[in-house]
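Source file: my_file_32.csv; contents: CSV, C-alpha atoms and all ligand atoms.
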```
chain,number,residue,atom,x,y,z
A,14,MET,CA,127.2,-282.2,5.3
A,15,ARG,CA,123.7,-281.3,4.0
A,16,HIS,CA,121.9,-278.1,5.0
A,17,PRO,CA,118.1,-278.0,5.0
A,18,LEU,CA,116.4,-275.7,2.5
A,19,VAL,CA,112.9,-274.3,3.1
A,20,MET,CA,111.4,-272.9,-0.1
A,21,GLY,CA,108.1,-271.1,-0.6
A,22,ASN,CA,106.1,-271.9,-3.7
A,23,TRP,CA,103.7,-268.9,-4.1
A,24,LYS,CA,101.9,-270.5,-7.0
A,25,LEU,CA,99.5,-268.2,-8.8
A,26,ASN,CA,99.3,-265.7,-6.0
A,27,GLY,CA,100.6,-262.2,-5.5
A,28,SER,CA,100.7,-258.6,-6.6
A,29,LYS,CA,103.4,-255.9,-6.5
A,30,HIS,CA,102.1,-254.8,-3.1
A,31,MET,CA,102.0,-258.4,-1.7
A,32,VAL,CA,105.6,-259.1,-2.9
A,33,ASN,CA,106.9,-256.0,-1.1
A,34,GLU,CA,104.9,-256.6,2.1
A,35,LEU,CA,105.6,-260.4,2.3
A,36,ILE,CA,109.3,-260.0,1.7
A,37,ALA,CA,109.6,-257.1,4.2
A,38,GLY,CA,107.9,-259.4,6.7
A,39,LEU,CA,110.3,-262.3,6.0
A,40,ARG,CA,113.4,-260.1,6.2
A,41,LYS,CA,112.3,-258.9,9.7
A,42,GLU,CA,111.3,-262.4,10.9
A,43,LEU,CA,114.4,-264.1,9.5
A,44,SER,CA,117.1,-261.6,10.2
A,45,SER,CA,118.9,-263.9,12.7
A,46,VAL,CA,118.3,-267.3,11.1
A,47,ASP,CA,121.4,-269.3,10.3
A,48,GLY,CA,122.2,-272.8,9.0
A,49,CYS,CA,119.1,-273.1,6.9
A,50,GLY,CA,118.7,-272.1,3.2
A,51,VAL,CA,115.6,-270.0,2.4
A,52,ALA,CA,114.2,-269.5,-1.0
A,53,ILE,CA,110.9,-268.0,-2.4
A,54,ALA,CA,109.4,-268.8,-5.8
A,55,PRO,CA,107.0,-265.9,-6.7
A,56,PRO,CA,105.1,-265.9,-10.0
A,57,VAL,CA,107.6,-265.2,-12.9
A,58,MET,CA,106.0,-261.7,-13.4
A,59,TYR,CA,107.4,-260.6,-10.0
A,60,LEU,CA,110.8,-262.1,-10.1
A,61,ASP,CA,112.6,-258.9,-10.8
A,62,LEU,CA,110.7,-257.0,-8.1
A,63,ALA,CA,111.3,-259.8,-5.6
A,64,LYS,CA,115.0,-259.9,-6.5
A,65,HIS,CA,115.3,-256.2,-5.5
A,66,ALA,CA,113.2,-256.7,-2.4
A,67,ILE,CA,115.5,-259.6,-1.1
A,68,SER,CA,118.7,-257.8,-1.9
A,69,GLY,CA,121.2,-258.0,0.9
A,70,SER,CA,119.2,-260.7,2.8
A,71,HIS,CA,120.0,-264.4,2.7
A,72,ILE,CA,116.8,-265.2,1.0
A,73,ALA,CA,117.4,-266.8,-2.4
A,74,LEU,CA,115.1,-266.4,-5.5
A,75,GLY,CA,113.4,-269.3,-7.2
A,76,ALA,CA,110.8,-269.8,-9.9
A,77,GLN,CA,108.0,-272.3,-10.6
A,78,ASN,CA,108.7,-273.5,-14.1
A,79,VAL,CA,111.0,-273.4,-17.1
A,80,ASN,CA,110.7,-274.2,-20.8
A,81,VAL,CA,113.0,-276.7,-22.4
A,82,ASN,CA,114.0,-274.3,-25.1
A,83,LEU,CA,116.4,-271.5,-24.7
A,84,SER,CA,114.9,-269.1,-27.3
A,85,GLY,CA,112.7,-269.0,-30.3
A,86,ALA,CA,109.0,-269.2,-31.3
A,87,PHE,CA,107.5,-270.5,-28.1
A,88,THR,CA,104.9,-268.0,-27.2
A,89,GLY,CA,104.3,-267.4,-23.5
A,90,GLU,CA,107.3,-269.4,-22.3
A,91,ILE,CA,110.3,-268.5,-20.1
A,92,SER,CA,113.9,-269.9,-20.6
A,93,ALA,CA,116.5,-271.0,-18.2
A,94,ASP,CA,118.7,-268.1,-19.4
A,95,MET,CA,116.0,-265.6,-18.6
A,96,LEU,CA,115.6,-267.0,-15.1
A,97,LYS,CA,119.3,-266.8,-14.6
A,98,ASP,CA,119.3,-263.2,-16.0
A,99,VAL,CA,116.9,-262.0,-13.4
A,100,GLY,CA,118.8,-263.8,-10.6
A,101,ALA,CA,116.6,-266.9,-9.9
A,102,GLN,CA,118.6,-269.9,-8.6
A,103,TYR,CA,116.1,-272.6,-7.5
A,104,ILE,CA,113.7,-273.7,-10.2
A,105,ILE,CA,110.7,-276.0,-9.4
A,106,ILE,CA,110.1,-278.6,-12.0
A,107,GLY,CA,107.7,-281.6,-12.1
A,108,HIS,CA,105.2,-280.1,-9.6
A,109,SER,CA,102.1,-282.3,-9.5
A,110,GLU,CA,99.9,-279.3,-10.5
A,111,ARG,CA,102.0,-279.1,-13.7
A,112,ARG,CA,102.0,-282.8,-14.2
A,113,THR,CA,98.2,-282.8,-13.9
A,114,TYR,CA,97.0,-279.6,-15.5
A,115,HIS,CA,99.8,-279.2,-18.2
A,116,LYS,CA,100.3,-283.0,-18.8
A,117,GLU,CA,104.0,-282.7,-18.2
A,118,SER,CA,105.7,-286.1,-18.7
A,119,ASP,CA,108.6,-287.6,-16.9
A,120,GLU,CA,110.6,-287.2,-20.1
A,121,GLN,CA,109.8,-283.5,-20.5
A,122,ILE,CA,110.7,-282.9,-16.8
A,123,ALA,CA,114.0,-284.7,-17.4
A,124,LYS,CA,114.7,-282.3,-20.3
A,125,GLN,CA,113.9,-279.3,-18.0
A,126,PHE,CA,116.3,-280.7,-15.4
A,127,ALA,CA,119.1,-280.9,-18.1
A,128,VAL,CA,118.4,-277.4,-19.3
A,129,LEU,CA,118.6,-276.0,-15.8
A,130,LYS,CA,121.8,-277.8,-15.0
A,131,ALA,CA,123.4,-276.6,-18.2
A,132,ALA,CA,122.5,-273.0,-17.2
A,133,GLY,CA,124.0,-273.5,-13.8
A,134,LEU,CA,120.6,-273.3,-12.1
A,135,THR,CA,119.3,-275.6,-9.4
A,136,PRO,CA,116.4,-277.9,-10.2
A,137,VAL,CA,113.9,-278.6,-7.4
A,138,LEU,CA,112.6,-281.8,-8.8
A,139,CYS,CA,109.1,-282.6,-7.4
A,140,ILE,CA,108.1,-286.2,-7.2
A,141,GLY,CA,105.3,-288.1,-5.4
A,142,GLU,CA,102.4,-290.4,-5.7
A,143,THR,CA,98.7,-289.7,-6.0
A,144,GLU,CA,96.2,-290.9,-3.4
A,145,ALA,CA,95.1,-293.8,-5.6
A,146,GLU,CA,98.8,-294.9,-6.2
A,147,ASN,CA,99.4,-294.6,-2.5
A,148,GLU,CA,96.4,-296.8,-1.7
A,149,ALA,CA,97.6,-299.3,-4.3
A,150,GLY,CA,100.9,-299.6,-2.6
A,151,LYS,CA,102.7,-297.9,-5.5
A,152,THR,CA,104.5,-295.1,-3.7
A,153,GLU,CA,108.0,-296.4,-4.2
A,154,GLU,CA,107.4,-297.5,-7.7
A,155,VAL,CA,106.1,-294.1,-8.7
A,156,CYS,CA,109.0,-292.2,-7.0
A,157,ALA,CA,111.6,-294.5,-8.5
A,158,ARG,CA,110.1,-294.0,-12.0
A,159,GLN,CA,110.1,-290.2,-11.6
A,160,ILE,CA,113.7,-290.2,-10.4
A,161,ASP,CA,114.8,-292.7,-13.0
A,162,ALA,CA,113.7,-290.4,-15.8
A,163,VAL,CA,116.7,-288.3,-14.9
A,164,LEU,CA,119.0,-290.9,-13.2
A,165,ASN,CA,118.9,-293.3,-16.2
A,166,THR,CA,119.5,-290.7,-18.8
A,167,GLN,CA,121.8,-288.2,-17.1
A,168,GLY,CA,123.5,-290.3,-14.5
A,169,ALA,CA,123.9,-290.0,-10.7
A,170,ASP,CA,126.3,-287.0,-11.1
A,171,ALA,CA,123.4,-285.0,-12.4
A,172,PHE,CA,122.0,-285.0,-8.9
A,173,ASN,CA,125.1,-283.2,-7.5
A,174,GLY,CA,123.9,-280.0,-5.9
A,175,VAL,CA,120.3,-280.6,-6.8
A,176,VAL,CA,117.1,-280.5,-4.7
A,177,ILE,CA,114.4,-283.2,-4.7
A,178,ALA,CA,111.0,-282.5,-3.2
A,179,TYR,CA,109.0,-285.5,-2.2
A,180,GLU,CA,105.4,-284.3,-2.4
A,181,PRO,CA,102.7,-286.9,-2.0
A,182,VAL,CA,100.0,-285.4,-4.2
A,183,TRP,CA,97.3,-286.3,-1.6
A,184,ALA,CA,99.0,-284.1,0.9
A,185,ILE,CA,99.3,-280.9,-1.3
A,186,GLY,CA,97.0,-278.2,-0.2
A,187,THR,CA,94.7,-280.6,1.6
A,188,GLY,CA,95.8,-280.0,5.2
A,189,LYS,CA,96.6,-283.7,5.4
A,190,SER,CA,100.3,-284.0,5.8
A,191,ALA,CA,102.2,-287.3,5.6
A,192,THR,CA,103.2,-288.4,9.1
A,193,PRO,CA,106.9,-287.9,9.9
A,194,ALA,CA,107.4,-291.7,9.9
A,195,GLN,CA,105.6,-292.1,6.5
A,196,ALA,CA,107.6,-289.2,4.9
A,197,GLN,CA,110.9,-290.5,6.4
A,198,ALA,CA,110.3,-294.0,4.9
A,199,VAL,CA,109.9,-292.5,1.4
A,200,HIS,CA,112.8,-290.1,1.8
A,201,LYS,CA,115.1,-293.0,2.8
A,202,PHE,CA,113.8,-295.0,-0.1
A,203,ILE,CA,114.7,-292.1,-2.5
A,204,ARG,CA,118.1,-291.7,-1.0
A,205,ASP,CA,118.8,-295.4,-1.1
A,206,HIS,CA,117.6,-295.6,-4.7
A,207,ILE,CA,120.2,-292.9,-5.8
A,208,ALA,CA,122.8,-294.5,-3.5
A,209,LYS,CA,122.6,-297.7,-5.7
A,210,LYS,CA,124.3,-295.6,-8.4
A,211,ASP,CA,126.4,-293.2,-6.3
A,212,ALA,CA,126.5,-293.2,-2.5
A,213,ASN,CA,128.3,-289.9,-2.2
A,214,VAL,CA,125.8,-288.1,-4.4
A,215,ALA,CA,122.9,-289.7,-2.5
A,216,ALA,CA,124.4,-288.6,0.8
A,217,GLN,CA,124.5,-284.9,-0.2
A,218,VAL,CA,121.3,-284.5,-2.2
A,219,ILE,CA,118.8,-282.3,-0.4
A,220,ILE,CA,115.4,-284.1,-0.1
A,221,GLN,CA,112.6,-281.7,0.9
A,222,TYR,CA,109.2,-282.8,2.1
A,223,GLY,CA,106.2,-281.0,0.7
A,224,GLY,CA,102.5,-281.3,1.5
A,225,SER,CA,100.6,-279.3,4.0
A,226,VAL,CA,103.7,-278.3,6.0
A,227,ASN,CA,102.8,-275.7,8.6
A,228,ASP,CA,104.3,-274.1,11.7
A,229,LYS,CA,102.8,-276.9,13.9
A,230,ASN,CA,104.0,-280.0,12.1
A,231,ALA,CA,107.3,-278.7,10.7
A,232,ALA,CA,109.6,-279.5,13.6
A,233,GLU,CA,108.6,-283.2,13.8
A,234,LEU,CA,109.0,-283.6,10.1
A,235,PHE,CA,112.5,-282.0,10.1
A,236,ALA,CA,113.6,-284.2,13.0
A,237,GLN,CA,113.6,-287.1,10.6
A,238,PRO,CA,117.2,-288.0,9.4
A,239,ASP,CA,116.4,-287.9,5.7
A,240,ILE,CA,114.1,-284.8,5.6
A,241,ASP,CA,116.1,-281.7,4.6
A,242,GLY,CA,113.6,-278.9,4.9
A,243,ALA,CA,110.4,-278.4,3.0
A,244,LEU,CA,108.7,-277.0,-0.1
A,245,VAL,CA,105.9,-275.0,1.3
A,246,GLY,CA,102.8,-273.8,-0.6
A,247,GLY,CA,99.9,-272.3,1.4
A,248,ALA,CA,101.9,-271.4,4.5
A,249,SER,CA,104.6,-269.6,2.5
A,250,LEU,CA,102.1,-266.8,1.8
A,251,LYS,CA,102.2,-265.6,5.5
A,252,ALA,CA,105.5,-264.2,6.8
A,253,ASP,CA,105.1,-265.4,10.3
A,254,ALA,CA,104.0,-269.0,9.4
A,255,PHE,CA,106.8,-269.3,6.8
A,256,ALA,CA,109.4,-267.9,9.2
A,257,ALA,CA,108.3,-270.4,11.9
A,258,ILE,CA,108.8,-273.3,9.5
A,259,VAL,CA,112.3,-271.9,8.6
A,260,LYS,CA,113.1,-271.6,12.3
A,261,ALA,CA,112.0,-275.2,12.9
A,262,ALA,CA,114.5,-276.4,10.3
B,1,LIG,C1,103.1,-277.3,-2.9
B,1,LIG,O1,102.3,-276.9,-3.7
B,1,LIG,O2,104.3,-277.6,-3.3
B,1,LIG,C2,102.7,-277.6,-1.5
B,1,LIG,C3,103.5,-278.3,-0.8
B,1,LIG,O3,101.6,-276.9,-1.1
B,1,LIG,P1,101.0,-276.9,0.4
B,1,LIG,O4,102.1,-276.6,1.3
B,1,LIG,O5,99.9,-275.9,0.4
B,1,LIG,O6,100.4,-278.3,0.6
```

Have the structure of the file written as structure tokens, please.
Amino acid sequence: MRHPLVMGNWKLNGSKHMVNELIAGLRKELSSVDGCGVAIAPPVMYLDLAKHAISGSHIALGAQNVNVNLSGAFTGEISADMLKDVGAQYIIIGHSERRTYHKESDEQIAKQFAVLKAAGLTPVLCIGETEAENEAGKTEEVCARQIDAVLNTQGADAFNGVVIAYEPVWAIGTGKSATPAQAQAVHKFIRDHIAKKDANVAAQVIIQYGGSVNDKNAAELFAQPDIDGALVGGASLKADAFAAIVKAA
């Protein structure tokens, strides 16, 4: 039985004050929520502070990136072991902003996936097509290619206990969410694609939707059978909006 997971991607936003305020707000709003996983991914700088602020709540800690190396001469990078050491569990990889601005390839993202699994952490593997790819009818082809980078090298078993976030690039931060029917069709395609290798793994893998989710459109998206919660950007920076999304799940 899958449980939904709603995760906030704070991106490059925050301060010590904001971390404490936002988490205090979330703890208040979410004290009675049950049956839905909740996670936040603050900037890496604030992970330790956030870990203390969520202590004793059911909010889990996440992060926004990981290096493929565990240690050594890689200036500015953060390893899976470091993320584990500070108590992060859900690690976003393959976000379209990193694919675009940092030229991260499917192969590199597959390596990040393997490094996280080896450390006992949970990859949140972001996939999704650009607007041009969508208009060219390539949505399924792109999603399959991004999943296959892991599936064909690490096998279906690698998706046990993992989170996939389907995030159409044209919907991220644009206010233009996919419709529930559009998103459901792609989520079903992703699940069926994994099921071709292993039906049990496909049935349990959490597939979040991401792209302009807010307190108004969340319930309808979550009512779709293959949508298991959301990866939330903008709306995760306000306690009441994020809490409303969690409650909708
Ligand atoms: C994201 O960046 O993962 C995202 C879904 O952003 P937003 O909710 O702001 O569209």

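For the residues A:Gln102, A:Asn173, A:Ser68, A:Asn22, ranking by smallest atom-to-atom distance to ligand LIG 1 (chain B) using all atoms listed in the file places A:Asn22 first.
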
Next item on the list: With all atoms listed in the file counted, collect every polymer residue having an atom within 10 Å of ligand LIG 1 (chain B); state the result as a PyMOL selection string.
Entry: chain A and resi 20-24+77+105+108-110+139+178-190+221-227+243-250

Check: Within 12 Å of Ala198 (chain A), counting only C-alpha atoms, which residues qualify if same-chain residues fewer than 4 places away don't, as a VMD selection string?
Finding: chain A and resid 152 to 153 179 191 to 194 202 to 205 222 234 237 to 240

Next item on the list: Fewer than 2 positions away in the same chain doesn't count, so skip those; otherwise give me all residues within 9 Å of Asn78 (chain A), counting all atoms listed in the file, as number ranges by chain.
Entry: A: 57, 76, 80, 91, 104-108, 111, 125

Item checked: Nearest-residue call for Ala254 (chain A), choices A:Leu25, A:Leu35, A:Leu138, A:Ala212, using all atoms listed in the file -> A:Leu35

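Distance-wise, CA of Met31 (chain A) and CA of Pro56 (chain A) end up 11.6 Å apart.
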
Next item on the list: Rank A:Ile67, A:Ala262, A:Ala123, A:Ala132 by their smallest atom-to-atom distance to Gly48 (chain A), using only C-alpha atoms, and report the top residue only.
Entry: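 Using only C-alpha atoms, the shortest distance to Gly48 (chain A) belongs to A:Ala262.
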
Check: Using all atoms listed in the file, which residues sit within 7 Å of Asp61 (chain A) once same-chain residues fewer than 3 positions away are excluded, as a list in words?
Finding: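 The contact residues come out as Lys64, His65 and Val99 of chain A.
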
For C-alpha atoms, I'd like the residues from the last selection saved as a PDB file, in the frame of the given file.
```
ATOM      1  CA  LYS A  64     115.000-259.900  -6.500  1.00  0.00           C
ATOM      2  CA  HIS A  65     115.300-256.200  -5.500  1.00  0.00           C
ATOM      3  CA  VAL A  99     116.900-262.000 -13.400  1.00  0.00           C
TER       4      VAL A  99
END
```

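Note that the spacing between CA of Val214 (chain A) and CA of Asp161 (chain A) amounts to 14.7 Å.
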
Next item on the list: Considering only C-alpha atoms, return as JSON, numbers by chain whatever protein or nucleic-acid residues lie within 9 Å of Val259 (chain A), sequence-local ones (same chain, fewer than 2 positions apart) excluded.
Entry: {"A": [18, 19, 20, 43, 46, 49, 50, 51, 228, 231, 242, 243, 254, 255, 256, 257, 261, 262]}

Next item on the list: Between CA of Glu120 (chain A) and CA of Asn82 (chain A), measure the distance and give it in Å to one decimal.
Entry: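 Going from CA of Glu120 (chain A) over to CA of Asn82 (chain A) covers 14.2 Å.
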
Next item on the list: Write out as a PyMOL selection string the residues lying within 10 Å of Asn165 (chain A), counting all atoms listed in the file and excluding same-chain residues fewer than 5 positions away.
Entry: chain A and resi 123+158+160+210

Next item on the list: Counting only C-alpha atoms, figure out which residue out of A:Gln159, A:Val79, A:Val176, A:Phe87 gets nearest to Val128 (chain A).
Entry: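 The closest residue to Val128 (chain A) is A:Val79.
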
Checklist line | Among the residues A:Asp47, A:Glu34, A:Asp253, A:Glu142, the one that comes closest to Pro17 (chain A) [using only C-alpha atoms] | finding: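 Going through A:Asp47, A:Glu34, A:Asp253, A:Glu142 one by one, the smallest distance to Pro17 (chain A) is for A:Asp47.
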